[in-house]
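S.K.: The file below is work_17.tsv, TSV, C-alpha atoms:
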chain	number	residue	atom	x	y	z
A	73	MET	CA	-5.61	14.48	55.19
A	74	ALA	CA	-8.59	12.29	54.27
A	75	ALA	CA	-10.20	15.22	52.47
A	76	THR	CA	-7.02	15.80	50.48
A	77	GLY	CA	-6.91	12.12	49.49
A	78	TYR	CA	-10.55	12.23	48.41
A	79	THR	CA	-9.93	15.37	46.35
A	80	THR	CA	-6.91	13.80	44.64
A	81	LEU	CA	-8.89	10.66	43.80
A	82	SER	CA	-11.73	12.77	42.40
A	83	MET	CA	-9.32	14.79	40.24
A	84	LEU	CA	-7.74	11.58	38.92
A	85	ARG	CA	-11.17	10.16	38.08
A	86	ASN	CA	-12.10	13.33	36.18
A	87	ALA	CA	-8.78	13.34	34.35
A	88	LEU	CA	-9.33	9.76	33.21
A	89	ARG	CA	-12.79	10.65	31.98
A	90	SER	CA	-11.38	13.54	29.95
A	91	PHE	CA	-8.80	11.22	28.37
A	92	PHE	CA	-11.33	8.49	27.58
A	93	PRO	CA	-14.76	10.01	26.80
A	94	LEU	CA	-17.68	7.59	26.90
A	95	ARG	CA	-18.44	8.21	23.23
A	96	LEU	CA	-15.38	6.12	22.31
A	97	THR	CA	-16.66	2.98	23.98
A	98	HIS	CA	-18.52	1.89	20.85
A	99	ILE	CA	-15.12	1.09	19.34
A	100	ASN	CA	-14.19	-1.21	22.19
A	101	ASN	CA	-16.04	-1.89	25.43
A	102	SER	CA	-12.65	-1.96	27.15
A	103	ILE	CA	-11.13	1.14	25.61
A	104	MET	CA	-9.83	2.61	28.88
A	105	CYS	CA	-6.51	1.53	30.31
A	106	CYS	CA	-7.74	1.38	33.86
A	107	LYS	CA	-9.12	-1.16	36.21
A	108	THR	CA	-12.82	-0.59	35.57
A	109	LEU	CA	-12.63	-1.66	31.91
A	110	ARG	CA	-10.76	-4.82	31.08
A	111	SER	CA	-9.71	-7.16	28.27
A	112	PHE	CA	-7.31	-4.83	26.51
A	113	PRO	CA	-5.15	-6.60	23.91
A	114	PRO	CA	-2.01	-8.06	25.57
A	115	SER	CA	0.29	-6.23	23.14
A	116	THR	CA	-1.02	-2.79	24.17
A	117	HIS	CA	1.26	-0.76	26.44
A	118	LEU	CA	1.02	2.47	28.39
A	119	ASN	CA	3.12	5.38	27.20
A	120	SER	CA	4.82	7.98	29.39
A	121	SER	CA	1.55	9.92	29.80
A	122	GLY	CA	-0.23	6.83	31.06
A	123	MET	CA	-2.35	6.58	27.93
A	124	CYS	CA	-2.80	3.40	25.90
A	125	HIS	CA	-1.18	3.48	22.47
A	126	LEU	CA	-4.38	2.11	20.98
A	127	ALA	CA	-6.58	4.66	22.67
A	128	GLN	CA	-4.14	7.40	21.74
A	129	ALA	CA	-4.28	6.36	18.08
A	130	ILE	CA	-8.06	6.27	18.12
A	131	LYS	CA	-8.17	9.74	19.67
A	132	GLY	CA	-6.21	11.04	16.69
A	133	ASP	CA	-2.52	10.46	17.34
A	134	ALA	CA	-1.53	7.56	15.08
A	135	ASP	CA	2.22	7.94	15.66
A	136	PRO	CA	2.55	4.87	17.95
A	137	LEU	CA	1.14	2.71	15.15
A	138	LEU	CA	3.57	4.12	12.60
A	139	LYS	CA	6.80	3.09	14.31
A	140	GLY	CA	9.24	1.28	12.06
A	141	MET	CA	8.06	2.91	8.84
A	142	ALA	CA	10.90	4.74	7.13
A	143	ASP	CA	9.37	6.07	3.93
A	144	ARG	CA	7.67	9.44	4.44
A	145	SER	CA	5.06	8.96	1.71
A	146	THR	CA	4.08	5.58	3.16
A	147	ILE	CA	3.78	7.08	6.64
A	148	GLU	CA	1.48	9.84	5.39
A	149	ALA	CA	-0.68	7.40	3.43
A	150	VAL	CA	-1.03	5.01	6.37
A	151	LYS	CA	-1.77	7.88	8.74
A	152	HIS	CA	-4.57	9.05	6.46
A	153	ILE	CA	-6.03	5.52	6.32
A	154	LEU	CA	-5.94	5.20	10.11
A	155	GLU	CA	-7.76	8.51	10.47
A	156	MET	CA	-10.33	7.33	7.92
A	157	ALA	CA	-10.81	4.09	9.86
A	158	LYS	CA	-11.32	6.05	13.08
A	159	ARG	CA	-14.03	8.18	11.45
A	160	ALA	CA	-15.72	5.16	9.89
A	161	SER	CA	-15.84	3.27	13.18
A	162	LYS	CA	-17.06	6.28	15.15
A	163	ARG	CA	-19.89	6.92	12.69
A	164	ARG	CA	-20.52	3.20	12.13
A	165	GLU	CA	-20.14	3.54	8.37
A	166	VAL	CA	-17.85	2.15	5.67
A	167	LEU	CA	-15.30	4.36	3.88
A	168	HIS	CA	-13.07	3.54	0.92
A	169	THR	CA	-9.54	4.62	-0.01
A	170	ASP	CA	-8.09	5.17	-3.46
A	171	PHE	CA	-5.76	2.55	-4.93
A	172	HIS	CA	-2.54	2.08	-2.98
A	173	THR	CA	0.77	0.32	-3.58
A	174	PRO	CA	1.68	-2.94	-1.81
A	175	PRO	CA	3.92	-1.28	0.83
A	176	VAL	CA	1.12	1.07	1.90
A	177	LEU	CA	-1.40	-1.77	1.92
A	178	LYS	CA	0.87	-3.99	3.99
A	179	GLU	CA	1.67	-1.35	6.61
A	180	SER	CA	-1.96	-0.20	6.77
A	181	MET	CA	-3.27	-3.71	7.38
A	182	LEU	CA	-0.68	-4.30	10.11
A	183	ALA	CA	-1.65	-1.04	11.83
A	184	LEU	CA	-5.39	-1.59	11.45
A	185	GLU	CA	-5.10	-5.01	13.08
A	186	LYS	CA	-4.17	-3.22	16.30
A	187	LEU	CA	-7.41	-1.23	16.37
A	188	ALA	CA	-10.29	-3.04	18.04
A	189	ASP	CA	-13.60	-3.55	16.23
A	190	ILE	CA	-12.28	-2.13	12.97
A	191	LYS	CA	-12.39	-4.30	9.87
A	192	ALA	CA	-10.48	-3.71	6.64
A	193	VAL	CA	-10.96	-5.34	3.24
A	194	ALA	CA	-8.47	-4.96	0.36
A	195	GLN	CA	-9.68	-5.33	-3.23
A	196	GLY	CA	-7.84	-4.93	-6.51
A	197	GLY	CA	-10.26	-6.64	-8.89
A	198	TYR	CA	-8.46	-10.00	-9.18
A	199	PRO	CA	-6.44	-12.27	-6.86
A	200	GLN	CA	-2.95	-11.24	-8.04
A	201	ALA	CA	-3.65	-7.49	-7.96
A	202	GLU	CA	-0.81	-5.33	-6.70
A	203	ARG	CA	-2.63	-2.01	-6.41
A	204	CYS	CA	-5.71	-2.32	-4.21
A	205	ARG	CA	-8.35	-0.20	-2.51
A	206	LEU	CA	-9.14	-0.56	1.18
A	207	SER	CA	-12.60	-0.50	2.69
A	208	VAL	CA	-12.58	0.30	6.42
A	209	GLY	CA	-15.38	0.35	8.94
A	210	HIS	CA	-16.80	-1.07	12.15
A	211	SER	CA	-16.75	-4.85	12.10
A	212	GLU	CA	-20.51	-4.98	12.63
A	213	VAL	CA	-21.13	-2.78	9.60
A	214	LEU	CA	-18.54	-4.02	7.10
A	215	THR	CA	-20.03	-7.48	6.60
A	216	THR	CA	-19.68	-7.85	2.81
A	217	ASP	CA	-17.09	-6.89	0.21
A	218	PRO	CA	-18.12	-3.50	-1.24
A	219	ASP	CA	-18.31	-3.01	-5.01
A	220	ILE	CA	-15.48	-0.49	-5.35
A	221	VAL	CA	-13.43	-1.71	-8.33
A	222	ALA	CA	-14.42	-1.68	-12.00
A	223	ALA	CA	-12.69	-3.10	-15.08
A	224	LEU	CA	-12.27	-1.73	-18.60
A	225	ARG	CA	-10.99	-3.36	-21.77
A	226	ILE	CA	-8.85	-1.25	-24.12
A	227	THR	CA	-8.63	-2.62	-27.67
A	228	GLY	CA	-6.95	-1.44	-30.86
A	229	ASN	CA	-4.65	-2.53	-33.65
A	230	PHE	CA	-1.67	-3.34	-31.44
A	231	GLY	CA	-0.37	-6.08	-33.74
A	232	PHE	CA	1.68	-3.60	-35.77
A	233	GLN	CA	2.57	-1.25	-32.92
A	234	PRO	CA	2.86	-2.94	-29.51
A	235	CYS	CA	2.40	-0.64	-26.52
A	236	SER	CA	4.00	-0.93	-23.10
A	237	HIS	CA	2.57	-0.54	-19.63
A	238	GLY	CA	3.92	3.00	-19.63
A	239	ASP	CA	2.14	3.79	-22.90
A	240	PHE	CA	-1.23	2.74	-21.50
A	241	LEU	CA	-0.63	4.48	-18.19
A	242	GLY	CA	0.50	7.69	-19.86
A	243	ALA	CA	-2.52	7.73	-22.17
A	244	ILE	CA	-4.94	7.28	-19.27
A	245	LEU	CA	-3.25	9.90	-17.10
A	246	GLY	CA	-3.32	12.20	-20.13
A	247	THR	CA	-7.12	12.31	-19.89
A	248	GLY	CA	-6.79	13.97	-16.49
A	249	ILE	CA	-7.35	10.93	-14.29
A	250	ALA	CA	-5.12	10.84	-11.21
A	251	ARG	CA	-2.82	7.84	-10.68
A	252	GLU	CA	-4.46	6.90	-7.39
A	253	LYS	CA	-7.76	6.34	-9.18
A	254	LEU	CA	-6.20	3.54	-11.23
A	255	GLY	CA	-5.41	0.00	-10.19
A	256	ASP	CA	-3.39	-2.52	-12.16
A	257	ILE	CA	-3.00	-2.44	-15.93
A	258	ILE	CA	-2.97	-5.98	-17.33
A	259	LEU	CA	-1.24	-6.13	-20.72
A	260	GLN	CA	-2.65	-8.52	-23.33
A	261	GLY	CA	-0.25	-8.10	-26.23
A	262	GLU	CA	-2.04	-7.66	-29.54
A	263	LYS	CA	-5.41	-7.61	-27.77
A	264	GLY	CA	-4.55	-4.44	-25.85
A	265	ALA	CA	-4.97	-4.21	-22.09
A	266	GLN	CA	-7.37	-4.48	-19.17
A	267	VAL	CA	-7.52	-1.65	-16.66
A	268	LEU	CA	-8.82	-1.57	-13.08
A	269	ILE	CA	-10.33	1.74	-12.04
A	270	VAL	CA	-12.69	3.36	-9.53
A	271	PRO	CA	-16.30	2.85	-10.74
A	272	GLU	CA	-17.17	6.55	-10.80
A	273	LEU	CA	-14.63	7.25	-13.57
A	274	VAL	CA	-15.64	4.43	-15.93
A	275	ASP	CA	-17.91	6.53	-18.15
A	276	PHE	CA	-15.37	9.36	-18.28
A	277	LEU	CA	-12.53	7.14	-19.45
A	278	VAL	CA	-14.73	5.34	-21.99
A	279	SER	CA	-15.61	8.67	-23.60
A	280	SER	CA	-12.19	10.33	-23.22
A	281	LEU	CA	-9.57	7.73	-24.18
A	282	GLU	CA	-8.98	7.83	-27.94
A	283	LYS	CA	-5.36	6.81	-28.44
A	284	VAL	CA	-2.59	4.84	-26.76
A	285	GLY	CA	0.65	5.87	-28.37
A	286	ASN	CA	-0.24	6.21	-32.05
A	287	VAL	CA	-2.90	3.49	-31.91
A	288	SER	CA	-6.57	4.47	-32.04
A	289	VAL	CA	-8.44	2.59	-29.32
A	290	SER	CA	-11.88	1.81	-28.02
A	291	CYS	CA	-12.61	1.43	-24.34
A	292	THR	CA	-15.47	-0.67	-22.96
A	293	LYS	CA	-16.58	-1.77	-19.51
A	294	MET	CA	-16.20	-5.44	-18.65
A	295	PRO	CA	-17.19	-7.64	-15.68
A	296	LEU	CA	-14.47	-8.38	-13.15
A	297	LEU	CA	-15.16	-12.08	-13.59
A	298	ALA	CA	-14.21	-11.75	-17.29
A	299	LEU	CA	-10.70	-10.50	-16.52
A	300	GLU	CA	-7.94	-12.55	-18.14
A	301	TYR	CA	-4.77	-12.83	-16.11
A	302	GLU	CA	-2.06	-15.30	-15.30
A	303	GLU	CA	0.75	-15.73	-12.82
A	304	PRO	CA	3.66	-13.47	-13.76
A	305	ARG	CA	6.46	-15.22	-15.63
A	306	THR	CA	9.89	-14.92	-14.06
A	307	THR	CA	13.45	-16.07	-14.51
A	308	SER	CA	15.98	-16.27	-11.69
A	309	PHE	CA	19.76	-16.19	-11.54
A	310	LYS	CA	22.49	-15.47	-9.01
A	311	THR	CA	25.04	-12.75	-8.79
A	312	VAL	CA	27.96	-12.29	-6.39
A	313	GLU	CA	28.54	-8.72	-5.22
A	314	GLN	CA	30.68	-6.86	-2.73
A	315	SER	CA	27.62	-5.11	-1.25
A	316	LEU	CA	23.82	-5.07	-1.27
A	317	ARG	CA	23.61	-1.58	-2.69
A	318	VAL	CA	20.81	-0.91	-5.14
A	319	ASP	CA	23.22	0.27	-7.85
A	320	ALA	CA	25.17	-3.00	-7.61
A	321	LEU	CA	22.23	-5.40	-7.57
A	322	ALA	CA	20.04	-3.52	-10.04
A	323	SER	CA	22.86	-3.14	-12.57
A	324	ALA	CA	23.45	-6.89	-12.34
A	325	GLY	CA	19.75	-7.70	-12.55
A	326	PHE	CA	19.01	-5.48	-15.54
A	327	LYS	CA	22.37	-6.08	-17.27
A	328	LEU	CA	23.31	-2.41	-17.12
A	329	SER	CA	26.59	-0.71	-16.30
A	330	ARG	CA	26.90	0.73	-12.81
A	331	SER	CA	27.27	4.26	-14.24
A	332	LYS	CA	24.10	3.84	-16.32
A	333	LEU	CA	22.18	2.71	-13.26
A	334	VAL	CA	23.46	5.71	-11.28
A	335	ASP	CA	22.21	8.00	-14.07
A	336	LEU	CA	18.78	6.34	-13.91
A	337	ILE	CA	18.67	6.90	-10.14
A	338	ARG	CA	19.64	10.53	-10.66
A	339	ASN	CA	16.73	10.87	-13.11
A	340	ASP	CA	14.24	9.35	-10.62
A	341	ASP	CA	13.77	6.28	-12.84
A	342	VAL	CA	14.53	3.68	-10.16
A	343	ARG	CA	12.10	2.60	-7.45
A	344	VAL	CA	12.40	0.18	-4.54
A	345	ASN	CA	9.10	-1.19	-3.26
A	346	TRP	CA	7.29	1.39	-5.41
A	347	THR	CA	9.16	4.31	-3.82
A	348	THR	CA	11.59	6.41	-5.86
A	349	VAL	CA	15.21	5.92	-4.85
A	350	THR	CA	17.40	9.01	-4.52
A	351	LYS	CA	20.62	7.41	-3.20
A	352	ASN	CA	22.56	4.80	-5.15
A	353	GLY	CA	23.90	3.48	-1.82
A	354	THR	CA	20.46	2.33	-0.66
A	355	THR	CA	20.77	-1.17	0.82
A	356	LEU	CA	18.44	-3.94	-0.38
A	357	LYS	CA	17.16	-7.05	1.41
A	358	THR	CA	15.31	-10.24	0.57
A	359	GLY	CA	11.81	-9.49	-0.70
A	360	ASP	CA	12.54	-6.00	-2.01
A	361	VAL	CA	11.17	-5.21	-5.47
A	362	VAL	CA	13.27	-2.99	-7.73
A	363	SER	CA	11.72	-1.39	-10.80
A	364	VAL	CA	13.46	0.65	-13.49
A	365	SER	CA	11.51	2.74	-15.97
A	366	GLY	CA	11.49	1.06	-19.35
A	367	LYS	CA	13.37	-2.01	-18.05
A	368	GLY	CA	10.86	-3.84	-15.87
A	369	ARG	CA	11.08	-5.24	-12.36
A	370	LEU	CA	13.10	-7.68	-10.33
A	371	LYS	CA	12.78	-9.11	-6.85
A	372	ILE	CA	15.58	-9.80	-4.40
A	373	GLY	CA	15.56	-13.48	-3.44
A	374	GLU	CA	17.76	-15.43	-1.05
A	375	ILE	CA	20.96	-13.78	0.16
A	376	THR	CA	23.91	-15.82	1.46
A	377	MET	CA	27.53	-15.07	2.30
A	378	THR	CA	30.39	-16.62	0.34
A	379	ARG	CA	33.57	-17.89	1.93
A	380	LYS	CA	35.31	-14.74	0.77
A	381	GLY	CA	32.81	-12.51	2.54
A	382	LYS	CA	30.86	-11.47	-0.52
A	383	TYR	CA	27.10	-11.60	-1.05
A	384	ALA	CA	25.56	-14.31	-3.25
A	385	VAL	CA	22.17	-12.89	-4.21
A	386	GLU	CA	19.30	-14.54	-6.02
A	387	LEU	CA	17.67	-12.12	-8.47
A	388	ILE	CA	14.18	-12.87	-9.76
A	389	ARG	CA	13.45	-10.99	-12.98
A	390	TYR	CA	9.86	-10.46	-14.12
A	391	LEU	CA	9.41	-11.12	-17.84
Can you turn what I pasted into structure tokens?
M.R.:
Amino acid sequence: MAATGYTTLSMLRNALRSFFPLRLTHINNSIMCCKTLRSFPPSTHLNSSGMCHLAQAIKGDADPLLKGMADRSTIEAVKHILEMAKRASKRREVLHTDFHTPPVLKESMLALEKLADIKAVAQGGYPQAERCRLSVGHSEVLTTDPDIVAALRITGNFGFQPCSHGDFLGAILGTGIAREKLGDIILQGEKGAQVLIVPELVDFLVSSLEKVGNVSVSCTKMPLLALEYEEPRTTSFKTVEQSLRVDALASAGFKLSRSKLVDLIRNDDVRVNWTTVTKNGTTLKTGDVVSVSGKGRLKIGEITMTRKGKYAVELIRYL
């Protein structure tokens, strides 16, 4: 009986070692969810297999850290970033992502906070940047902000033919540059625009970009500290609706008919939190950002109920 007990204990010890190899301990001195290694974060729990969610994510299964995310593209992006962070920490190096949208950045930072000894830094080139790159690595290695964002100034005779954000974006993508290699595009009216981009594509864009719309342009590199930007201008108003559906609130916010808004959704021209909407019945909440191609963006503000059971919604329109 004693021999059987000893054998069982030995098998359990070996099983634990196979689950938590010693090579992972550089990520956290207390990586194992067992008595011999302590100080695991209080929020960490054991799953049905007896394995810590954190350890499981570090071993390659990031699913426990992705709970609550509904959008498939966001899930895939965050999963890729978590895998990158795992590699960076294991090799004690710093790796960098492409530019990501605010939802991906937010969810990634929340998930990365749950991984011990991993540091993440988001940079978009200026304080109000929406699209940012993430640098991930071991906290002992990532000690400074890496130089991973460059800025370009696009100038031309835009006084007679103003160009929109879409015009600049389309012209840049037309050179063959992928969207994820571009950060924000800061419009400057008659002066043109400023573009944030990955440093390795600066020379290519300078030599390749010749026109934006019908305007001949020149493209030059500029220091990040020379960027000109300001807080976005907005106007807010309230609308009272029967529901919080995107077709109801967006049609009110952009002064469009409900049928026109439905057509825009059908044509993939409507996005909520930077993700294309496919259903006009999608429900919105405070903080959601709705963008419509060619119309701009609006943010959902405070939502209250009226005495008649309708929704009084504050809409914040970006000018």
S.K.: Can you tell me, as a JSON list (two decimals) with C-alpha atoms, in the frame of the given file, what residues are no more than 10 Å from Glu272 (chain A) when counting all atoms listed in the file, ignoring any on the same chain fewer than 5 positions away?
M.R.:
[["chain", "number", "residue", "atom", "x", "y", "z"],
["A", 220, "ILE", "CA", -15.48, -0.49, -5.35],
["A", 221, "VAL", "CA", -13.43, -1.71, -8.33],
["A", 222, "ALA", "CA", -14.42, -1.68, -12.00],
["A", 253, "LYS", "CA", -7.76, 6.34, -9.18],
["A", 277, "LEU", "CA", -12.53, 7.14, -19.45]]
S.K.: Give me, please, the distance in Å between CA of Gly373 (chain A) and CA of Ser180 (chain A), quoted to one decimal.
M.R.: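 For CA of Gly373 (chain A) relative to CA of Ser180 (chain A), the distance reads 24.2 Å.
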S.K.: Axis-aligned box over every listed atom of region 360-375 of chain A, padded by 6 Å per side: centre and edges in Å to one decimal, as lines of an AutoDock Vina configuration file?
M.R.:
center_x = 15.9
center_y = -6.3
center_z = -9.6
size_x = 22.1
size_y = 30.2
size_z = 31.5
S.K.: Hey, which of A:Val361, A:Leu336, A:Leu268, A:Leu182 ends up closest to Leu296 (chain A)? Count only C-alpha atoms.
M.R.: A:Leu268
S.K.: I'd like the neighbourhood of Val349 (chain A) as a ChimeraX atom specification, where a residue qualifies if any of its atoms comes within 7 Å (using all atoms listed in the file), though same-chain residues fewer than 5 positions away should be ignored.
M.R.: /A:337,340,342-344
S.K.: Would you mind telling me which residue in A:Glu202, A:Ser279, A:Gly228, A:Gly242 lies nearest to Ile258 (chain A) when using only C-alpha atoms?
M.R.: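 Selected residue with least distance to Ile258 (chain A): A:Glu202.
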S.K.: So, with all atoms listed in the file as the atoms that count, which of A:Ser315, A:Ala322, A:Lys332, A:Thr348 lies closest to Ile375 (chain A)?
M.R.: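 For Ile375 (chain A), the nearest of the given residues is A:Ser315.
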S.K.: Taking all atoms listed in the file into account, which of A:Asn286, A:Ser323, A:Thr216, A:Gln260 comes nearest Phe232 (chain A)?
M.R.: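 So, comparing all the options, the nearest one is A:Asn286.
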S.K.: Filtering to N, CA, C and O atoms, could region 293-310 of chain A of the supplied structure be written out as a PDB file, in the first residue's frame?
M.R.:
ATOM      1  N   LYS A 293      10.033  63.344 -45.097  1.00  0.00           N
ATOM      2  CA  LYS A 293      10.067  62.873 -43.717  1.00  0.00           C
ATOM      3  C   LYS A 293      10.133  64.067 -42.773  1.00  0.00           C
ATOM      4  O   LYS A 293      10.727  65.092 -43.091  1.00  0.00           O
ATOM      5  N   MET A 294       9.500  63.919 -41.612  1.00  0.00           N
ATOM      6  CA  MET A 294       9.495  64.978 -40.617  1.00  0.00           C
ATOM      7  C   MET A 294       9.674  64.380 -39.222  1.00  0.00           C
ATOM      8  O   MET A 294       9.308  63.214 -38.986  1.00  0.00           O
ATOM      9  N   PRO A 295      10.223  65.141 -38.275  1.00  0.00           N
ATOM     10  CA  PRO A 295      10.366  64.625 -36.906  1.00  0.00           C
ATOM     11  C   PRO A 295       9.002  64.502 -36.230  1.00  0.00           C
ATOM     12  O   PRO A 295       8.090  65.299 -36.498  1.00  0.00           O
ATOM     13  N   LEU A 296       8.868  63.524 -35.366  1.00  0.00           N
ATOM     14  CA  LEU A 296       7.613  63.362 -34.633  1.00  0.00           C
ATOM     15  C   LEU A 296       7.298  64.601 -33.794  1.00  0.00           C
ATOM     16  O   LEU A 296       6.130  64.974 -33.642  1.00  0.00           O
ATOM     17  N   LEU A 297       8.336  65.234 -33.275  1.00  0.00           N
ATOM     18  CA  LEU A 297       8.116  66.409 -32.439  1.00  0.00           C
ATOM     19  C   LEU A 297       7.576  67.592 -33.230  1.00  0.00           C
ATOM     20  O   LEU A 297       7.048  68.551 -32.653  1.00  0.00           O
ATOM     21  N   ALA A 298       7.681  67.537 -34.572  1.00  0.00           N
ATOM     22  CA  ALA A 298       7.183  68.630 -35.420  1.00  0.00           C
ATOM     23  C   ALA A 298       5.731  68.423 -35.851  1.00  0.00           C
ATOM     24  O   ALA A 298       5.167  69.273 -36.545  1.00  0.00           O
ATOM     25  N   LEU A 299       5.121  67.312 -35.442  1.00  0.00           N
ATOM     26  CA  LEU A 299       3.734  67.051 -35.815  1.00  0.00           C
ATOM     27  C   LEU A 299       2.813  68.148 -35.283  1.00  0.00           C
ATOM     28  O   LEU A 299       2.950  68.599 -34.144  1.00  0.00           O
ATOM     29  N   GLU A 300       1.867  68.547 -36.122  1.00  0.00           N
ATOM     30  CA  GLU A 300       0.877  69.544 -35.727  1.00  0.00           C
ATOM     31  C   GLU A 300      -0.470  68.846 -35.581  1.00  0.00           C
ATOM     32  O   GLU A 300      -0.975  68.253 -36.533  1.00  0.00           O
ATOM     33  N   TYR A 301      -1.028  68.921 -34.409  1.00  0.00           N
ATOM     34  CA  TYR A 301      -2.306  68.261 -34.155  1.00  0.00           C
ATOM     35  C   TYR A 301      -3.048  69.024 -33.076  1.00  0.00           C
ATOM     36  O   TYR A 301      -2.482  69.836 -32.346  1.00  0.00           O
ATOM     37  N   GLU A 302      -4.315  68.773 -32.987  1.00  0.00           N
ATOM     38  CA  GLU A 302      -5.139  69.425 -31.978  1.00  0.00           C
ATOM     39  C   GLU A 302      -6.240  68.477 -31.547  1.00  0.00           C
ATOM     40  O   GLU A 302      -6.519  67.469 -32.224  1.00  0.00           O
ATOM     41  N   GLU A 303      -6.841  68.777 -30.437  1.00  0.00           N
ATOM     42  CA  GLU A 303      -7.966  67.958 -29.965  1.00  0.00           C
ATOM     43  C   GLU A 303      -9.079  67.981 -31.008  1.00  0.00           C
ATOM     44  O   GLU A 303      -9.362  69.034 -31.592  1.00  0.00           O
ATOM     45  N   PRO A 304      -9.689  66.836 -31.286  1.00  0.00           N
ATOM     46  CA  PRO A 304     -10.759  66.814 -32.274  1.00  0.00           C
ATOM     47  C   PRO A 304     -11.933  67.694 -31.872  1.00  0.00           C
ATOM     48  O   PRO A 304     -12.313  67.743 -30.697  1.00  0.00           O
ATOM     49  N   ARG A 305     -12.486  68.413 -32.842  1.00  0.00           N
ATOM     50  CA  ARG A 305     -13.646  69.259 -32.575  1.00  0.00           C
ATOM     51  C   ARG A 305     -14.912  68.418 -32.687  1.00  0.00           C
ATOM     52  O   ARG A 305     -15.035  67.591 -33.586  1.00  0.00           O
ATOM     53  N   THR A 306     -15.821  68.625 -31.763  1.00  0.00           N
ATOM     54  CA  THR A 306     -17.051  67.847 -31.740  1.00  0.00           C
ATOM     55  C   THR A 306     -18.255  68.747 -31.463  1.00  0.00           C
ATOM     56  O   THR A 306     -18.116  69.871 -30.989  1.00  0.00           O
ATOM     57  N   THR A 307     -19.402  68.233 -31.800  1.00  0.00           N
ATOM     58  CA  THR A 307     -20.665  68.855 -31.411  1.00  0.00           C
ATOM     59  C   THR A 307     -21.568  67.748 -30.897  1.00  0.00           C
ATOM     60  O   THR A 307     -21.526  66.612 -31.398  1.00  0.00           O
ATOM     61  N   SER A 308     -22.354  68.037 -29.874  1.00  0.00           N
ATOM     62  CA  SER A 308     -23.203  66.996 -29.289  1.00  0.00           C
ATOM     63  C   SER A 308     -24.660  67.425 -29.280  1.00  0.00           C
ATOM     64  O   SER A 308     -24.976  68.609 -29.183  1.00  0.00           O
ATOM     65  N   PHE A 309     -25.530  66.456 -29.408  1.00  0.00           N
ATOM     66  CA  PHE A 309     -26.970  66.697 -29.362  1.00  0.00           C
ATOM     67  C   PHE A 309     -27.643  65.417 -28.895  1.00  0.00           C
ATOM     68  O   PHE A 309     -27.011  64.358 -28.819  1.00  0.00           O
ATOM     69  N   LYS A 310     -28.924  65.511 -28.574  1.00  0.00           N
ATOM     70  CA  LYS A 310     -29.659  64.349 -28.081  1.00  0.00           C
ATOM     71  C   LYS A 310     -30.742  63.926 -29.059  1.00  0.00           C
ATOM     72  O   LYS A 310     -31.313  64.746 -29.770  1.00  0.00           O
TER      73      LYS A 310
END
